[in-house]
Amino acid sequence: MENKIYKHPYFGDIYYTVYISENLKGKENLPMLVCLHGAGERGQNHDSLYVHGVLKYIKNGTLDVPGIVICPQCPTEHVWVNLASMLKEFILDMAQQYKADMSRISITGLSMGGYGTWEMLMHNPELFYKAAPICSGGTPWRAQFIKAKVWAFHGDEDNVVPVKNSYEMIDAMRAVGLNPKFTIFHGVGHGSWEPAYEDTRVIQWLFED
């Protein structure tokens with residue numbers, strides 16, 4: 001893991017963490033996964049990026065990722081959906097810096113990060129190959145702009161973000177002829193990212209051709 005700081009002319013210091021397994025370092029044209037955290041991890045503290053999400057499972061040894069993982073940290077006073085343009089700049093800079101395969105950039109996010117994931121798919125439809133938004137929602141009337149393959153997740157007992165929010169996005173995608181995958185975790189509340197990321201098939205799917 002490498003903890004770094006991205007200097008942005010307007011938003012200032014954006015903290016982020018990069019992970020590339022030792023056997024892949026120095027290789028070019030690797031797939032890249034962008035991970036967006038939830039509201040509780042905002043700020044300027046790299047340690048917060050390991051609390052939930054993909055980095056947590058890489059750190060504890062349960063995930064082996066065949067590519068580049070990039071995890072930016074949202075500034076305290078913002079939410080991801082308001083940073084779509086900045087995130088696009090950041091992702092393109094990271095892809096260039098690490099010589100990623102531009103045709104295989106994927107994105108995932110939980111809660112606030114899930115909302116950010118949906119927003120990025122509609123704001124930058126040509127940029128992403130696959131996406132896994134978790135316990136979130138978006139603006140279903142813009143679903144026709146989505147180009148990425150989507151696998152969404154939600155717990156049916158989520159009392160923070162209602163599961164209907166994900167259903168609305170999935171139904172809207174299907175209504176315009178898209179074919180997203182949708183997994184409901186029965187008896188699970190807001191922390192549906194845990195069973196989602198603990199299932200290593202999800203990460204494998206995000207990196208697969």
# chains A, B, ... in the order shown; residues from 1 in each chain; ligands from 1
call {"tool": "select_by_dssp", "arguments": {"residues": "chain A", "states": "alpha helix (DSSP H)", "output": "PyMOL selection string"}}
result
chain A and resi 54-59+84-97+112-123+163-175+193-198+200-207
call {"tool": "select_by_dssp", "arguments": {"residues": "range 8-189 of chain A", "states": "strand (DSSP E)", "output": "PyMOL selection string"}}
result
chain A and resi 8+12-20+30-36+68-72+100-110+130-134+149-155+181-185
call {"tool": "closest_atom_pairs", "arguments": {"of": "range 6-91 of chain A", "to": "range 101-122 of chain A", "cutoff": "10 Å", "atoms": "only C-alpha atoms", "output": "JSON lines"}}
result
{"residue": "A:Glu28", "atom": "CA", "partner": "A:Asp101", "partner_atom": "CA", "distance": 7.6}
{"residue": "A:Asn29", "atom": "CA", "partner": "A:Asp101", "partner_atom": "CA", "distance": 4.1}
{"residue": "A:Leu30", "atom": "CA", "partner": "A:Asp101", "partner_atom": "CA", "distance": 5.3}
{"residue": "A:Pro31", "atom": "CA", "partner": "A:Arg104", "partner_atom": "CA", "distance": 5.0}
{"residue": "A:Met32", "atom": "CA", "partner": "A:Ile105", "partner_atom": "CA", "distance": 4.9}
{"residue": "A:Leu33", "atom": "CA", "partner": "A:Ser106", "partner_atom": "CA", "distance": 4.8}
{"residue": "A:Val34", "atom": "CA", "partner": "A:Ile107", "partner_atom": "CA", "distance": 4.6}
{"residue": "A:Cys35", "atom": "CA", "partner": "A:Thr108", "partner_atom": "CA", "distance": 5.0}
{"residue": "A:Leu36", "atom": "CA", "partner": "A:Gly109", "partner_atom": "CA", "distance": 4.3}
{"residue": "A:His37", "atom": "CA", "partner": "A:Gly113", "partner_atom": "CA", "distance": 4.9}
{"residue": "A:Gly38", "atom": "CA", "partner": "A:Met112", "partner_atom": "CA", "distance": 4.6}
{"residue": "A:Ala39", "atom": "CA", "partner": "A:Met112", "partner_atom": "CA", "distance": 5.5}
{"residue": "A:Gly40", "atom": "CA", "partner": "A:Met112", "partner_atom": "CA", "distance": 8.9}
{"residue": "A:Glu41", "atom": "CA", "partner": "A:Met112", "partner_atom": "CA", "distance": 9.9}
{"residue": "A:His52", "atom": "CA", "partner": "A:Leu110", "partner_atom": "CA", "distance": 8.8}
{"residue": "A:Gly53", "atom": "CA", "partner": "A:Leu110", "partner_atom": "CA", "distance": 7.4}
{"residue": "A:Val54", "atom": "CA", "partner": "A:Thr108", "partner_atom": "CA", "distance": 9.0}
{"residue": "A:Gly67", "atom": "CA", "partner": "A:Asp101", "partner_atom": "CA", "distance": 9.7}
{"residue": "A:Ile68", "atom": "CA", "partner": "A:Ile105", "partner_atom": "CA", "distance": 9.4}
{"residue": "A:Val69", "atom": "CA", "partner": "A:Ile107", "partner_atom": "CA", "distance": 9.6}
{"residue": "A:Ile70", "atom": "CA", "partner": "A:Ile107", "partner_atom": "CA", "distance": 9.4}
{"residue": "A:Cys71", "atom": "CA", "partner": "A:Gly109", "partner_atom": "CA", "distance": 9.8}
{"residue": "A:Cys74", "atom": "CA", "partner": "A:Gly113", "partner_atom": "CA", "distance": 9.3}
{"residue": "A:Val79", "atom": "CA", "partner": "A:Met112", "partner_atom": "CA", "distance": 7.0}
{"residue": "A:Trp80", "atom": "CA", "partner": "A:Gly116", "partner_atom": "CA", "distance": 4.8}
{"residue": "A:Val81", "atom": "CA", "partner": "A:Gly116", "partner_atom": "CA", "distance": 4.7}
{"residue": "A:Asn82", "atom": "CA", "partner": "A:Gly116", "partner_atom": "CA", "distance": 8.3}
{"residue": "A:Leu83", "atom": "CA", "partner": "A:Gly116", "partner_atom": "CA", "distance": 8.3}
{"residue": "A:Ala84", "atom": "CA", "partner": "A:Met120", "partner_atom": "CA", "distance": 6.0}
{"residue": "A:Ser85", "atom": "CA", "partner": "A:Met120", "partner_atom": "CA", "distance": 8.8}
{"residue": "A:Leu87", "atom": "CA", "partner": "A:Met120", "partner_atom": "CA", "distance": 8.3}
{"residue": "A:Lys88", "atom": "CA", "partner": "A:Met120", "partner_atom": "CA", "distance": 8.0}
{"residue": "A:Ile91", "atom": "CA", "partner": "A:Ile105", "partner_atom": "CA", "distance": 8.9}
call {"tool": "write_last_selection", "arguments": {"atoms": "N, CA and C atoms", "output": "JSON list (two decimals), in the first residue's frame"}}
result
[["chain", "number", "residue", "atom", "x", "y", "z"],
["A", 28, "GLU", "N", 2.68, -2.66, -17.37],
["A", 28, "GLU", "CA", 1.81, -1.69, -18.01],
["A", 28, "GLU", "C", 0.51, -2.35, -18.47],
["A", 29, "ASN", "N", -0.49, -1.49, -18.76],
["A", 29, "ASN", "CA", -1.78, -1.94, -19.26],
["A", 29, "ASN", "C", -2.52, -2.86, -18.31],
["A", 30, "LEU", "N", -2.37, -2.59, -17.01],
["A", 30, "LEU", "CA", -3.12, -3.33, -16.01],
["A", 30, "LEU", "C", -4.52, -2.72, -15.87],
["A", 31, "PRO", "N", -5.52, -3.54, -15.54],
["A", 31, "PRO", "CA", -6.83, -2.96, -15.22],
["A", 31, "PRO", "C", -6.75, -2.15, -13.93],
["A", 32, "MET", "N", -7.62, -1.17, -13.78],
["A", 32, "MET", "CA", -7.59, -0.30, -12.60],
["A", 32, "MET", "C", -8.97, -0.21, -11.97],
["A", 33, "LEU", "N", -9.01, -0.31, -10.65],
["A", 33, "LEU", "CA", -10.26, -0.20, -9.89],
["A", 33, "LEU", "C", -10.20, 1.02, -8.99],
["A", 34, "VAL", "N", -11.19, 1.90, -9.13],
["A", 34, "VAL", "CA", -11.33, 3.07, -8.28],
["A", 34, "VAL", "C", -12.34, 2.76, -7.19],
["A", 35, "CYS", "N", -11.99, 3.03, -5.93],
["A", 35, "CYS", "CA", -12.85, 2.71, -4.79],
["A", 35, "CYS", "C", -13.25, 3.98, -4.05],
["A", 36, "LEU", "N", -14.55, 4.18, -3.88],
["A", 36, "LEU", "CA", -15.06, 5.37, -3.20],
["A", 36, "LEU", "C", -15.66, 4.98, -1.85],
["A", 37, "HIS", "N", -15.15, 5.58, -0.79],
["A", 37, "HIS", "CA", -15.57, 5.26, 0.57],
["A", 37, "HIS", "C", -16.89, 5.95, 0.93],
["A", 38, "GLY", "N", -17.37, 5.68, 2.14],
["A", 38, "GLY", "CA", -18.59, 6.29, 2.64],
["A", 38, "GLY", "C", -18.35, 7.61, 3.35],
["A", 39, "ALA", "N", -19.44, 8.21, 3.84],
["A", 39, "ALA", "CA", -19.38, 9.55, 4.43],
["A", 39, "ALA", "C", -18.50, 9.61, 5.68],
["A", 40, "GLY", "N", -18.44, 8.54, 6.43],
["A", 40, "GLY", "CA", -17.69, 8.55, 7.68],
["A", 40, "GLY", "C", -16.18, 8.58, 7.52],
["A", 41, "GLU", "N", -15.71, 8.36, 6.31],
["A", 41, "GLU", "CA", -14.26, 8.30, 6.08],
["A", 41, "GLU", "C", -13.72, 9.55, 5.37],
["A", 52, "HIS", "N", -13.27, 0.49, 6.05],
["A", 52, "HIS", "CA", -14.24, -0.31, 5.30],
["A", 52, "HIS", "C", -13.75, -0.48, 3.87],
["A", 53, "GLY", "N", -14.39, -1.31, 3.13],
["A", 53, "GLY", "CA", -14.13, -1.38, 1.70],
["A", 53, "GLY", "C", -12.96, -2.25, 1.30],
["A", 54, "VAL", "N", -12.56, -2.08, 0.06],
["A", 54, "VAL", "CA", -11.60, -2.98, -0.58],
["A", 54, "VAL", "C", -10.25, -3.00, 0.13],
["A", 67, "GLY", "N", -4.60, -6.22, -10.43],
["A", 67, "GLY", "CA", -4.47, -4.94, -11.11],
["A", 67, "GLY", "C", -4.17, -3.82, -10.13],
["A", 68, "ILE", "N", -4.55, -2.60, -10.51],
["A", 68, "ILE", "CA", -4.28, -1.40, -9.71],
["A", 68, "ILE", "C", -5.54, -1.03, -8.93],
["A", 69, "VAL", "N", -5.37, -0.73, -7.65],
["A", 69, "VAL", "CA", -6.47, -0.24, -6.82],
["A", 69, "VAL", "C", -6.15, 1.19, -6.39],
["A", 70, "ILE", "N", -7.06, 2.11, -6.66],
["A", 70, "ILE", "CA", -6.90, 3.52, -6.31],
["A", 70, "ILE", "C", -8.04, 3.93, -5.40],
["A", 71, "CYS", "N", -7.72, 4.43, -4.21],
["A", 71, "CYS", "CA", -8.75, 4.82, -3.25],
["A", 71, "CYS", "C", -8.53, 6.27, -2.83],
["A", 74, "CYS", "N", -12.45, 11.67, 0.11],
["A", 74, "CYS", "CA", -13.29, 12.84, -0.13],
["A", 74, "CYS", "C", -13.03, 13.91, 0.93],
["A", 79, "VAL", "N", -19.31, 15.81, -0.77],
["A", 79, "VAL", "CA", -19.76, 14.43, -1.02],
["A", 79, "VAL", "C", -19.34, 14.07, -2.44],
["A", 80, "TRP", "N", -19.21, 12.79, -2.70],
["A", 80, "TRP", "CA", -18.65, 12.36, -3.98],
["A", 80, "TRP", "C", -19.46, 12.86, -5.17],
["A", 81, "VAL", "N", -20.80, 12.88, -5.06],
["A", 81, "VAL", "CA", -21.60, 13.26, -6.23],
["A", 81, "VAL", "C", -21.31, 14.69, -6.68],
["A", 82, "ASN", "N", -20.79, 15.52, -5.78],
["A", 82, "ASN", "CA", -20.46, 16.90, -6.14],
["A", 82, "ASN", "C", -19.04, 17.05, -6.69],
["A", 83, "LEU", "N", -18.31, 15.96, -6.73],
["A", 83, "LEU", "CA", -16.91, 16.02, -7.14],
["A", 83, "LEU", "C", -16.65, 15.24, -8.43],
["A", 84, "ALA", "N", -17.69, 15.06, -9.23],
["A", 84, "ALA", "CA", -17.55, 14.21, -10.42],
["A", 84, "ALA", "C", -16.46, 14.71, -11.38],
["A", 85, "SER", "N", -16.40, 16.01, -11.60],
["A", 85, "SER", "CA", -15.39, 16.55, -12.52],
["A", 85, "SER", "C", -13.99, 16.39, -11.96],
["A", 87, "LEU", "N", -13.06, 14.13, -9.79],
["A", 87, "LEU", "CA", -12.74, 12.70, -9.79],
["A", 87, "LEU", "C", -12.31, 12.24, -11.18],
["A", 88, "LYS", "N", -12.96, 12.75, -12.20],
["A", 88, "LYS", "CA", -12.55, 12.38, -13.56],
["A", 88, "LYS", "C", -11.10, 12.79, -13.80],
["A", 91, "ILE", "N", -8.83, 10.42, -11.80],
["A", 91, "ILE", "CA", -8.77, 9.06, -12.36],
["A", 91, "ILE", "C", -7.92, 9.04, -13.63]]
call {"tool": "residues_around", "arguments": {"residues": "Thr62 in chain A", "least_positions_apart": "2", "cutoff": "12 Å", "atoms": "only C-alpha atoms", "output": "list in words"}}
result
Gly53, Val54, Leu55, Lys56, Tyr57, Ile58, Lys59, Asn60, Asp64, Val65, Tyr197, Glu198, Asp199, Thr200, Arg201 and Ile203 of chain A
call {"tool": "atom_distance", "arguments": {"atom1": "CA of Met1 in chain A", "atom2": "CA of Ala100 in chain A"}}
result
17.2 Å
call {"tool": "residues_around", "arguments": {"residues": "Asp47 in chain A", "least_positions_apart": "4", "cutoff": "10 Å", "atoms": "only C-alpha atoms", "output": "PyMOL selection string"}}
result
chain A and resi 3+17+41+51
call {"tool": "closest_residue", "arguments": {"among": "A:Tyr129, A:Tyr6, A:Trp151, A:Phe207", "to": "Pro72 in chain A", "atoms": "only C-alpha atoms"}}
result
A:Tyr6
call {"tool": "closest_residue", "arguments": {"among": "A:Glu77, A:Asp93, A:Asp158, A:Glu2", "to": "Gly189 in chain A", "atoms": "only C-alpha atoms"}}
result
A:Asp158
call {"tool": "atom_distance", "arguments": {"atom1": "CA of Phe11 in chain A", "atom2": "CA of Gln44 in chain A"}}
result
12.0 Å
call {"tool": "closest_residue", "arguments": {"among": "A:Pro66, A:Leu49, A:Gln73, A:His78", "to": "Asp13 in chain A", "atoms": "only C-alpha atoms"}}
result
A:Gln73
call {"tool": "closest_residue", "arguments": {"among": "A:His186, A:Ala172, A:Arg42, A:Lys27", "to": "Lys99 in chain A", "atoms": "only C-alpha atoms"}}
result
A:Lys27
call {"tool": "closest_residue", "arguments": {"among": "A:Leu24, A:Ala95, A:Val163, A:Ile134", "to": "Glu194 in chain A", "atoms": "only C-alpha atoms"}}
result
A:Ile134
call {"tool": "residues_around", "arguments": {"residues": "Ser166 in chain A", "least_positions_apart": "5", "cutoff": "8 Å", "atoms": "only C-alpha atoms", "output": "list in words"}}
result
Cys135, Ser136, Gly137, Gly138, Ala152, Phe153 and His154 of chain A
call {"tool": "write_last_selection", "arguments": {"atoms": "C-alpha atoms", "output": "PDB file, in the first residue's frame"}}
result
ATOM      1  CA  CYS A 135     -26.150   0.402  -0.597  1.00  0.00           C
ATOM      2  CA  SER A 136     -26.812   3.553  -2.559  1.00  0.00           C
ATOM      3  CA  GLY A 137     -28.874   5.102  -5.336  1.00  0.00           C
ATOM      4  CA  GLY A 138     -28.821   7.769  -7.969  1.00  0.00           C
ATOM      5  CA  ALA A 152     -25.244  -3.520  -7.603  1.00  0.00           C
ATOM      6  CA  PHE A 153     -25.679  -4.649  -3.993  1.00  0.00           C
ATOM      7  CA  HIS A 154     -28.003  -3.722  -1.138  1.00  0.00           C
TER       8      HIS A 154
END
call {"tool": "atom_distance", "arguments": {"atom1": "CA of Asp171 in chain A", "atom2": "CA of Trp141 in chain A"}}
result
10.5 Å
call {"tool": "closest_residue", "arguments": {"among": "A:Val176, A:Ser192, A:Thr183, A:Phe145", "to": "Val160 in chain A", "atoms": "only C-alpha atoms"}}
result
A:Ser192
